[in-house]
>>> print(open('start.txt').read())   # compact mmCIF, C-alpha atoms
# COMPACT_ATOMS: atom_id res chain seq x y z
CA MET A 1 18.83 -33.26 -22.73
CA PRO A 2 15.84 -34.09 -24.98
CA ARG A 3 14.80 -30.42 -24.93
CA LYS A 4 18.26 -29.26 -25.96
CA HIS A 5 18.23 -31.85 -28.72
CA LEU A 6 14.90 -30.54 -30.03
CA ILE A 7 16.13 -26.96 -29.98
CA ALA A 8 19.30 -27.95 -31.85
CA SER A 9 17.24 -29.88 -34.40
CA GLY A 10 15.05 -26.83 -34.97
CA ILE A 11 18.09 -24.64 -35.56
CA ASN A 12 19.61 -27.16 -37.95
CA LYS A 13 16.36 -27.40 -39.90
CA LYS A 14 16.17 -23.61 -40.23
CA GLN A 15 19.79 -23.49 -41.41
CA GLN A 16 19.08 -26.23 -43.96
CA GLN A 17 16.04 -24.36 -45.28
CA GLN A 18 18.09 -21.16 -45.60
CA ALA A 19 20.86 -23.02 -47.42
CA LYS A 20 18.35 -24.55 -49.83
CA LEU A 21 16.80 -21.15 -50.52
CA TRP A 22 20.22 -19.63 -51.20
CA MET A 23 21.01 -22.47 -53.59
CA LYS A 24 17.81 -21.80 -55.55
CA LEU A 25 18.46 -18.06 -55.64
CA ALA A 26 22.01 -18.64 -56.87
CA LYS A 27 20.75 -21.01 -59.55
CA GLU A 28 18.27 -18.41 -60.83
CA ILE A 29 21.00 -15.73 -60.96
CA LYS A 30 23.25 -18.06 -62.92
CA ALA A 31 20.50 -18.96 -65.40
CA ALA A 32 19.36 -15.34 -65.81
CA ALA A 33 22.92 -14.16 -66.53
CA LYS A 34 23.44 -16.97 -69.01
CA VAL A 35 20.27 -16.14 -70.95
CA GLY A 36 20.26 -12.33 -70.82
CA GLY A 37 23.81 -11.27 -70.04
CA PRO A 38 25.58 -10.08 -66.85
CA ASN A 39 24.24 -6.50 -66.73
CA PRO A 40 21.13 -6.25 -64.50
CA GLU A 41 20.21 -2.87 -66.00
CA THR A 42 19.63 -4.49 -69.41
CA ASN A 43 18.52 -7.88 -68.06
CA PRO A 44 15.25 -7.56 -66.07
CA ARG A 45 15.27 -11.23 -65.08
CA LEU A 46 18.74 -10.87 -63.58
CA LYS A 47 17.77 -7.64 -61.80
CA ALA A 48 14.77 -9.38 -60.22
CA ALA A 49 16.93 -12.36 -59.22
CA ILE A 50 19.54 -10.12 -57.57
CA ASP A 51 16.85 -8.16 -55.70
CA LYS A 52 15.33 -11.38 -54.37
CA ALA A 53 18.76 -12.69 -53.36
CA LEU A 54 19.62 -9.49 -51.46
CA GLU A 55 16.23 -9.54 -49.71
CA ASN A 56 17.10 -13.04 -48.47
CA ASN A 57 20.64 -12.14 -47.36
CA LEU A 58 22.59 -13.95 -50.05
CA SER A 59 26.08 -12.42 -50.00
CA ARG A 60 27.15 -10.04 -52.75
CA GLU A 61 30.23 -12.22 -53.25
CA SER A 62 28.00 -15.20 -54.05
CA ILE A 63 25.84 -13.05 -56.33
CA GLU A 64 28.87 -11.84 -58.30
CA ARG A 65 30.28 -15.35 -58.50
CA ASN A 66 27.05 -16.70 -60.00
CA ILE A 67 26.71 -13.78 -62.43
CA ASN A 68 30.20 -14.39 -63.79
CA GLY A 69 30.12 -18.16 -63.46
CA PRO A 70 27.88 -19.20 -66.41
CA ASN A 71 30.67 -18.84 -68.97
CA LYS A 72 32.71 -21.44 -67.09
CA ASP A 73 29.77 -23.60 -66.05
CA THR A 74 29.21 -26.78 -68.02
CA ASP A 75 25.78 -27.50 -66.47
CA GLN A 76 22.98 -26.97 -68.98
CA LEU A 77 20.21 -25.58 -66.80
CA ILE A 78 16.83 -25.58 -68.53
CA ASP A 79 13.86 -23.38 -67.62
CA ILE A 80 10.78 -25.55 -67.24
CA GLU A 81 7.23 -24.45 -66.42
CA TYR A 82 4.42 -26.85 -65.64
CA GLU A 83 0.74 -25.94 -65.52
CA CYS A 84 -1.38 -28.22 -63.36
CA TYR A 85 -4.90 -28.65 -62.05
CA GLY A 86 -5.85 -29.92 -58.59
CA PRO A 87 -9.12 -30.45 -56.71
CA ASN A 88 -12.05 -28.02 -57.02
CA GLY A 89 -10.52 -26.09 -59.94
CA LEU A 90 -7.22 -25.45 -58.13
CA ALA A 91 -4.80 -23.98 -60.69
CA ILE A 92 -1.05 -24.40 -60.17
CA ILE A 93 1.99 -23.00 -61.99
CA ILE A 94 5.36 -24.54 -61.17
CA LYS A 95 8.74 -23.16 -62.24
CA ALA A 96 11.71 -25.53 -62.33
CA LEU A 97 15.34 -24.96 -63.23
CA SER A 98 17.18 -28.19 -63.84
CA ASP A 99 19.69 -30.09 -65.95
CA ASN A 100 17.39 -33.13 -65.97
CA ASN A 101 13.81 -32.68 -67.20
CA ASN A 102 12.93 -36.37 -66.65
CA ARG A 103 13.90 -36.15 -62.97
CA VAL A 104 11.71 -33.07 -62.45
CA LEU A 105 8.76 -34.65 -64.22
CA SER A 106 9.02 -37.88 -62.22
CA SER A 107 9.19 -36.03 -58.89
CA LEU A 108 6.36 -33.66 -59.78
CA ARG A 109 4.02 -36.48 -60.78
CA GLY A 110 4.70 -38.11 -57.43
CA TYR A 111 3.79 -34.91 -55.57
CA LEU A 112 0.67 -34.40 -57.70
CA ASN A 113 -0.58 -37.95 -57.11
CA LYS A 114 -0.93 -37.18 -53.40
CA LEU A 115 -2.84 -33.92 -53.97
CA PRO A 116 -4.41 -35.28 -56.24
CA GLY A 117 -3.67 -33.31 -59.39
CA GLU A 118 -2.46 -33.62 -62.95
CA ILE A 119 -0.28 -31.79 -65.43
CA SER A 120 -2.29 -29.83 -67.99
CA LYS A 121 -1.67 -28.44 -71.47
CA PRO A 122 0.49 -25.32 -71.90
CA ASN A 123 -1.42 -22.03 -71.43
CA SER A 124 -4.51 -23.79 -70.09
CA VAL A 125 -3.74 -22.63 -66.55
CA LYS A 126 -1.80 -19.40 -67.18
CA MET A 127 -4.95 -17.83 -68.59
CA LEU A 128 -6.26 -17.78 -64.99
CA PHE A 129 -3.37 -15.56 -63.85
CA ASP A 130 -2.06 -12.08 -64.65
CA TYR A 131 1.68 -11.42 -64.83
CA LYS A 132 2.01 -8.26 -62.74
CA GLY A 133 4.25 -6.38 -60.37
CA GLU A 134 3.26 -6.90 -56.74
CA ILE A 135 4.41 -4.86 -53.74
CA LEU A 136 3.28 -5.84 -50.24
CA VAL A 137 3.43 -2.97 -47.75
CA GLU A 138 3.14 -3.31 -43.97
CA LYS A 139 -0.04 -1.79 -42.56
CA GLU A 140 1.50 -0.09 -39.52
CA ASN A 141 -1.12 2.54 -38.59
CA PHE A 142 -2.12 3.41 -42.15
CA THR A 143 -5.61 3.19 -43.59
CA GLU A 144 -6.28 2.29 -47.22
CA ASP A 145 -6.92 5.99 -47.97
CA ASP A 146 -3.58 6.91 -46.35
CA ILE A 147 -1.69 4.49 -48.62
CA LEU A 148 -3.66 5.57 -51.68
CA ASN A 149 -2.82 9.23 -51.05
CA LYS A 150 0.86 8.38 -50.66
CA ILE A 151 1.14 6.34 -53.86
CA ILE A 152 -1.18 8.48 -55.99
CA GLU A 153 1.71 9.46 -58.29
CA CYS A 154 2.84 5.85 -58.83
CA ASN A 155 1.53 3.99 -61.85
CA ILE A 156 -0.48 1.42 -59.93
CA GLU A 157 -3.42 -0.62 -61.16
CA ASP A 158 -4.92 -1.75 -57.87
CA LEU A 159 -4.62 -1.43 -54.10
CA ILE A 160 -6.04 -4.23 -51.97
CA GLU A 161 -6.22 -4.32 -48.19
CA LEU A 162 -5.30 -7.78 -46.89
CA GLU A 163 -5.34 -9.03 -43.31
CA ASN A 164 -1.74 -8.12 -42.49
CA CYS A 165 -0.66 -5.79 -45.29
CA PHE A 166 -1.62 -3.76 -48.36
CA GLN A 167 -1.17 -5.36 -51.78
CA ILE A 168 -0.17 -2.94 -54.52
CA ILE A 169 -0.50 -4.19 -58.10
CA CYS A 170 1.16 -2.54 -61.09
CA ASN A 171 2.11 -3.29 -64.67
CA GLU A 172 5.34 -5.29 -64.91
CA ASN A 173 6.97 -2.45 -66.89
CA ASP A 174 6.21 0.03 -64.08
CA PHE A 175 7.31 -2.27 -61.25
CA TYR A 176 10.83 -1.01 -60.50
CA VAL A 177 9.97 2.70 -60.75
CA SER A 178 6.89 2.24 -58.56
CA ARG A 179 8.77 0.16 -55.99
CA ASP A 180 11.59 2.73 -55.75
CA LYS A 181 9.08 5.56 -55.23
CA ILE A 182 7.34 3.57 -52.49
CA LYS A 183 10.70 2.90 -50.81
CA ASP A 184 11.42 6.65 -50.83
CA MET A 185 8.13 7.21 -48.98
CA ASN A 186 9.49 5.18 -46.05
CA LEU A 187 6.72 2.63 -46.37
CA LYS A 188 7.89 -0.78 -45.14
CA ILE A 189 7.92 -3.25 -48.03
CA ILE A 190 7.40 -6.82 -46.83
CA ASP A 191 7.83 -8.50 -50.22
CA SER A 192 7.87 -7.50 -53.87
CA GLY A 193 8.34 -9.01 -57.28
CA ILE A 194 6.94 -9.59 -60.74
CA LYS A 195 4.86 -12.71 -60.55
CA PHE A 196 1.74 -14.60 -61.59
CA ILE A 197 -1.26 -13.28 -59.65
CA PRO A 198 -4.61 -15.13 -59.80
CA ASN A 199 -7.47 -13.20 -61.39
CA SER A 200 -9.91 -15.30 -59.32
CA TYR A 201 -9.64 -17.70 -56.39
CA VAL A 202 -10.96 -21.12 -55.40
CA ASP A 203 -11.91 -22.47 -51.98
CA LEU A 204 -10.72 -25.78 -50.56
CA ASN A 205 -11.95 -27.81 -47.61
CA SER A 206 -9.66 -28.49 -44.64
CA GLU A 207 -8.44 -31.85 -45.96
CA GLN A 208 -7.64 -30.36 -49.37
CA VAL A 209 -5.78 -27.47 -47.71
CA GLN A 210 -3.61 -29.89 -45.74
CA LYS A 211 -2.76 -31.81 -48.91
CA LEU A 212 -1.96 -28.58 -50.74
CA GLU A 213 0.35 -27.47 -47.93
CA LYS A 214 2.18 -30.81 -48.11
CA PHE A 215 2.40 -30.49 -51.88
CA ILE A 216 3.95 -27.01 -51.63
CA GLN A 217 6.33 -28.23 -48.92
CA SER A 218 7.47 -31.09 -51.18
CA CYS A 219 8.07 -28.60 -54.00
CA ASP A 220 9.96 -26.23 -51.67
CA GLU A 221 12.25 -29.08 -50.59
CA ASP A 222 12.92 -30.15 -54.19
CA ASP A 223 16.24 -28.73 -55.45
CA ASP A 224 14.93 -28.52 -59.02
CA ILE A 225 11.75 -26.53 -58.28
CA GLN A 226 12.15 -22.76 -57.95
CA TRP A 227 8.63 -21.68 -57.01
CA VAL A 228 4.94 -22.60 -56.98
CA VAL A 229 1.89 -20.33 -57.31
CA THR A 230 -1.76 -21.32 -56.98
CA ASN A 231 -5.17 -19.69 -57.07
CA PHE A 232 -6.13 -20.95 -53.62
CA GLY A 233 -7.97 -18.24 -51.69
CA GLU A 234 -5.73 -18.19 -48.62
CA GLU A 235 -2.20 -16.82 -48.62
CA ILE A 236 0.09 -19.85 -48.30
CA ASN A 237 2.16 -19.37 -51.44
CA GLY A 238 5.75 -18.47 -51.19
>>> encode(input="start.txt", output="structure tokens")
Amino acid sequence: MPRKHLIASGINKKQQQQAKLWMKLAKEIKAAAKVGGPNPETNPRLKAAIDKALENNLSRESIERNINGPNKDTDQLIDIEYECYGPNGLAIIIKALSDNNNRVLSSLRGYLNKLPGEISKPNSVKMLFDYKGEILVEKENFTEDDILNKIIECNIEDLIELENCFQIICNENDFYVSRDKIKDMNLKIIDSGIKFIPNSYVDLNSEQVQKLEKFIQSCDEDDDIQWVVTNFGEEING
């Protein structure tokens, strides 16, 4: 009986995490449509939000409902970005989407106190990141030269071999064209998006890593926080 209970608890937790992710994706679609209009071809933010939602199995019905819902929605969702510093030069960018800025700020300060970290001035942290298109491709049996030869006609800026995949970096304006070409090559894309990418990394000791993981988990579980990126040297960012 205890074992069955544990298995059921694990399933419920996974379902709760999926539901929370879907809620955040739907919120981003709603906000993007409200700011830039309902046509994804003329609204890059909405196009990116729809792509991310489809990658995470949000239904098309839900996507359409949230695209068309902003005109009827009375909630005033506000885009909020916080730039923070943590231990050993750790740089953090946090994106929130909320109808209550004070609630977000109060929660975030609580999470940062345990890191420890602090909120910094605007643009003091962003200067450590580049806003680029990123496409992660599964290694399969390819070498770096194999991938480079395949994507030679794409407008890419960098190709980096990571432990489990290849990281392809491109200008944000070239992202969709490059990603579509890579899809047509039958390369398996693990993840893609336009995001903040660190231009250098910091190291943390084991205790600091544990605190950072807890900090990111707290942010992931917060309904108001959409995403977190850091310049920590290991890949734990979502």
>>> closest_residue(input="start.txt", among="A:Lys52, A:Arg103, A:Lys121, A:Arg45", to="A:Tyr82", atoms="only C-alpha atoms")
A:Lys121
>>> residues_around(input="start.txt", residues="A:Lys24", least_positions_apart="5", cutoff="9 Å", atoms="all atoms listed in the file", output="list of chain:residue names")
A:Ala19, A:Ile29, A:Leu97, A:Asp223, A:Asp224, A:Ile225, A:Gln226
>>> residues_near_point(input="start.txt", point="(5.1, -37.3, -49.7)", cutoff="9 Å", atoms="all atoms listed in the file", output="NGL selection string")
:A and (110-111 or 114 or 214-215 or 218)
>>> residues_around(input="start.txt", residues="stretch 137-143 of chain A", least_positions_apart="6", cutoff="12 Å", atoms="all atoms listed in the file", output="PyMOL selection string")
chain A and resi 149-151+159-169+179+182-183+185-192
>>> write_last_selection(input="start.txt", atoms="C-alpha atoms", output="tab-separated table (two decimals), in the frame of the given file")
chain	number	residue	atom	x	y	z
A	149	ASN	CA	-2.82	9.23	-51.05
A	150	LYS	CA	0.86	8.38	-50.66
A	151	ILE	CA	1.14	6.34	-53.86
A	159	LEU	CA	-4.62	-1.43	-54.10
A	160	ILE	CA	-6.04	-4.23	-51.97
A	161	GLU	CA	-6.22	-4.32	-48.19
A	162	LEU	CA	-5.30	-7.78	-46.89
A	163	GLU	CA	-5.34	-9.03	-43.31
A	164	ASN	CA	-1.74	-8.12	-42.49
A	165	CYS	CA	-0.66	-5.79	-45.29
A	166	PHE	CA	-1.62	-3.76	-48.36
A	167	GLN	CA	-1.17	-5.36	-51.78
A	168	ILE	CA	-0.17	-2.94	-54.52
A	169	ILE	CA	-0.50	-4.19	-58.10
A	179	ARG	CA	8.77	0.16	-55.99
A	182	ILE	CA	7.34	3.57	-52.49
A	183	LYS	CA	10.70	2.90	-50.81
A	185	MET	CA	8.13	7.21	-48.98
A	186	ASN	CA	9.49	5.18	-46.05
A	187	LEU	CA	6.72	2.63	-46.37
A	188	LYS	CA	7.89	-0.78	-45.14
A	189	ILE	CA	7.92	-3.25	-48.03
A	190	ILE	CA	7.40	-6.82	-46.83
A	191	ASP	CA	7.83	-8.50	-50.22
A	192	SER	CA	7.87	-7.50	-53.87
>>> atom_distance(input="start.txt", atom1="atom CA of A:Asn100", atom2="atom CA of A:Val229")
21.9 Å
>>> closest_residue(input="start.txt", among="A:Gly193, A:Pro116, A:Gly86, A:Pro38", to="A:Gly133", atoms="all atoms listed in the file")
A:Gly193
>>> closest_residue(input="start.txt", among="A:Val228, A:Val125, A:Ile194, A:Leu115", to="A:Leu212", atoms="all atoms listed in the file")
A:Leu115
>>> atom_distance(input="start.txt", atom1="atom CA of A:Asn171", atom2="atom CA of A:Glu153")
14.3 Å
>>> residues_around(input="start.txt", residues="A:Ile92", least_positions_apart="6", cutoff="6 Å", atoms="only C-alpha atoms", output="list in words")
Glu83, Cys84, Val229 and Thr230 of chain A
>>> atom_distance(input="start.txt", atom1="atom CA of A:Asn113", atom2="atom CA of A:Gln210")
14.3 Å
>>> residues_around(input="start.txt", residues="A:Tyr131", least_positions_apart="5", cutoff="10 Å", atoms="all atoms listed in the file", output="list in words")
Lys126, Cys170, Asn171, Glu172, Ile194, Lys195, Phe196, Ile197, Pro198 and Asn199 of chain A
>>> axis_aligned_box(input="start.txt", around="stretch 140-146 of chain A", padding_each_side="3 Å", output="JSON")
{"center_x": -2.7, "center_y": 3.4, "center_z": -43.3, "size_x": 14.4, "size_y": 13.0, "size_z": 15.4}
>>> decode(input="start.txt", residues="stretch 131-171 of chain A", atoms="N, CA and C atoms", output="short mmCIF file (atom, residue, chain, number, x, y, z; two decimals), in the first residue's frame")
data_model
loop_
_atom_site.label_atom_id
_atom_site.label_comp_id
_atom_site.auth_asym_id
_atom_site.auth_seq_id
_atom_site.Cartn_x
_atom_site.Cartn_y
_atom_site.Cartn_z
N TYR A 131 20.72 38.58 -26.38
CA TYR A 131 19.38 38.12 -26.72
C TYR A 131 19.45 37.50 -28.12
N LYS A 132 19.43 36.18 -28.16
CA LYS A 132 19.70 35.44 -29.40
C LYS A 132 18.70 34.31 -29.60
N GLY A 133 18.66 33.82 -30.85
CA GLY A 133 17.94 32.59 -31.11
C GLY A 133 18.81 31.41 -30.74
N GLU A 134 18.20 30.42 -30.10
CA GLU A 134 18.94 29.22 -29.70
C GLU A 134 18.17 27.99 -30.15
N ILE A 135 18.87 27.05 -30.79
CA ILE A 135 18.28 25.80 -31.25
C ILE A 135 19.17 24.67 -30.73
N LEU A 136 18.60 23.79 -29.92
CA LEU A 136 19.34 22.65 -29.39
C LEU A 136 18.98 21.41 -30.21
N VAL A 137 19.99 20.79 -30.78
CA VAL A 137 19.80 19.64 -31.67
C VAL A 137 20.41 18.40 -31.04
N GLU A 138 19.67 17.30 -31.09
CA GLU A 138 20.15 16.03 -30.52
C GLU A 138 21.38 15.56 -31.27
N LYS A 139 22.34 15.00 -30.52
CA LYS A 139 23.60 14.58 -31.14
C LYS A 139 23.42 13.41 -32.09
N GLU A 140 22.62 12.41 -31.67
CA GLU A 140 22.51 11.17 -32.43
C GLU A 140 23.92 10.66 -32.71
N ASN A 141 24.25 10.41 -33.99
CA ASN A 141 25.60 9.93 -34.31
C ASN A 141 26.41 10.99 -35.06
N PHE A 142 25.96 12.25 -34.96
CA PHE A 142 26.61 13.32 -35.72
C PHE A 142 27.83 13.87 -34.98
N THR A 143 28.84 14.26 -35.74
CA THR A 143 29.95 15.02 -35.20
C THR A 143 29.66 16.51 -35.39
N GLU A 144 30.49 17.34 -34.80
CA GLU A 144 30.32 18.78 -34.96
C GLU A 144 30.47 19.18 -36.44
N ASP A 145 31.41 18.55 -37.13
CA ASP A 145 31.60 18.84 -38.57
C ASP A 145 30.37 18.42 -39.37
N ASP A 146 29.75 17.30 -39.00
CA ASP A 146 28.54 16.84 -39.69
C ASP A 146 27.44 17.90 -39.60
N ILE A 147 27.22 18.40 -38.38
CA ILE A 147 26.17 19.40 -38.15
C ILE A 147 26.50 20.67 -38.90
N LEU A 148 27.77 21.08 -38.83
CA LEU A 148 28.19 22.32 -39.49
C LEU A 148 27.96 22.24 -40.99
N ASN A 149 28.26 21.11 -41.58
CA ASN A 149 28.05 20.93 -43.02
C ASN A 149 26.57 20.97 -43.38
N LYS A 150 25.73 20.47 -42.49
CA LYS A 150 24.30 20.45 -42.76
C LYS A 150 23.69 21.85 -42.69
N ILE A 151 24.18 22.66 -41.74
CA ILE A 151 23.54 23.96 -41.50
C ILE A 151 24.33 25.11 -42.12
N ILE A 152 25.25 24.79 -43.02
CA ILE A 152 26.14 25.80 -43.60
C ILE A 152 25.37 26.93 -44.28
N GLU A 153 24.17 26.62 -44.81
CA GLU A 153 23.39 27.64 -45.51
C GLU A 153 22.49 28.44 -44.57
N CYS A 154 22.41 28.03 -43.32
CA CYS A 154 21.61 28.79 -42.34
C CYS A 154 22.43 29.98 -41.83
N ASN A 155 21.75 31.03 -41.48
CA ASN A 155 22.44 32.21 -40.94
C ASN A 155 22.70 32.01 -39.45
N ILE A 156 23.72 31.23 -39.13
CA ILE A 156 24.02 30.98 -37.73
C ILE A 156 25.27 31.75 -37.31
N GLU A 157 25.36 32.05 -36.03
CA GLU A 157 26.50 32.79 -35.50
C GLU A 157 27.49 31.88 -34.78
N ASP A 158 26.97 30.77 -34.23
CA ASP A 158 27.88 29.90 -33.48
C ASP A 158 27.28 28.50 -33.38
N LEU A 159 28.16 27.52 -33.30
CA LEU A 159 27.77 26.13 -33.07
C LEU A 159 28.65 25.60 -31.94
N ILE A 160 28.00 25.12 -30.88
CA ILE A 160 28.73 24.69 -29.69
C ILE A 160 28.31 23.25 -29.36
N GLU A 161 29.30 22.40 -29.19
CA GLU A 161 29.02 21.02 -28.80
C GLU A 161 28.92 20.93 -27.28
N LEU A 162 27.74 20.56 -26.78
CA LEU A 162 27.52 20.37 -25.35
C LEU A 162 27.55 18.87 -25.05
N GLU A 163 27.35 18.51 -23.80
CA GLU A 163 27.47 17.11 -23.41
C GLU A 163 26.44 16.22 -24.11
N ASN A 164 25.19 16.70 -24.20
CA ASN A 164 24.12 15.87 -24.74
C ASN A 164 23.51 16.38 -26.04
N CYS A 165 24.00 17.51 -26.53
CA CYS A 165 23.39 18.08 -27.74
C CYS A 165 24.33 19.11 -28.37
N PHE A 166 23.90 19.63 -29.53
CA PHE A 166 24.60 20.75 -30.16
C PHE A 166 23.76 22.01 -29.96
N GLN A 167 24.41 23.09 -29.59
CA GLN A 167 23.74 24.38 -29.40
C GLN A 167 24.03 25.25 -30.60
N ILE A 168 22.98 25.64 -31.30
CA ILE A 168 23.11 26.51 -32.47
C ILE A 168 22.60 27.89 -32.09
N ILE A 169 23.43 28.91 -32.30
CA ILE A 169 23.08 30.29 -31.94
C ILE A 169 22.91 31.10 -33.22
N CYS A 170 21.86 31.90 -33.27
CA CYS A 170 21.65 32.77 -34.43
C CYS A 170 21.06 34.10 -33.97
N ASN A 171 21.08 35.07 -34.87
CA ASN A 171 20.45 36.36 -34.60
C ASN A 171 18.95 36.16 -34.41
#
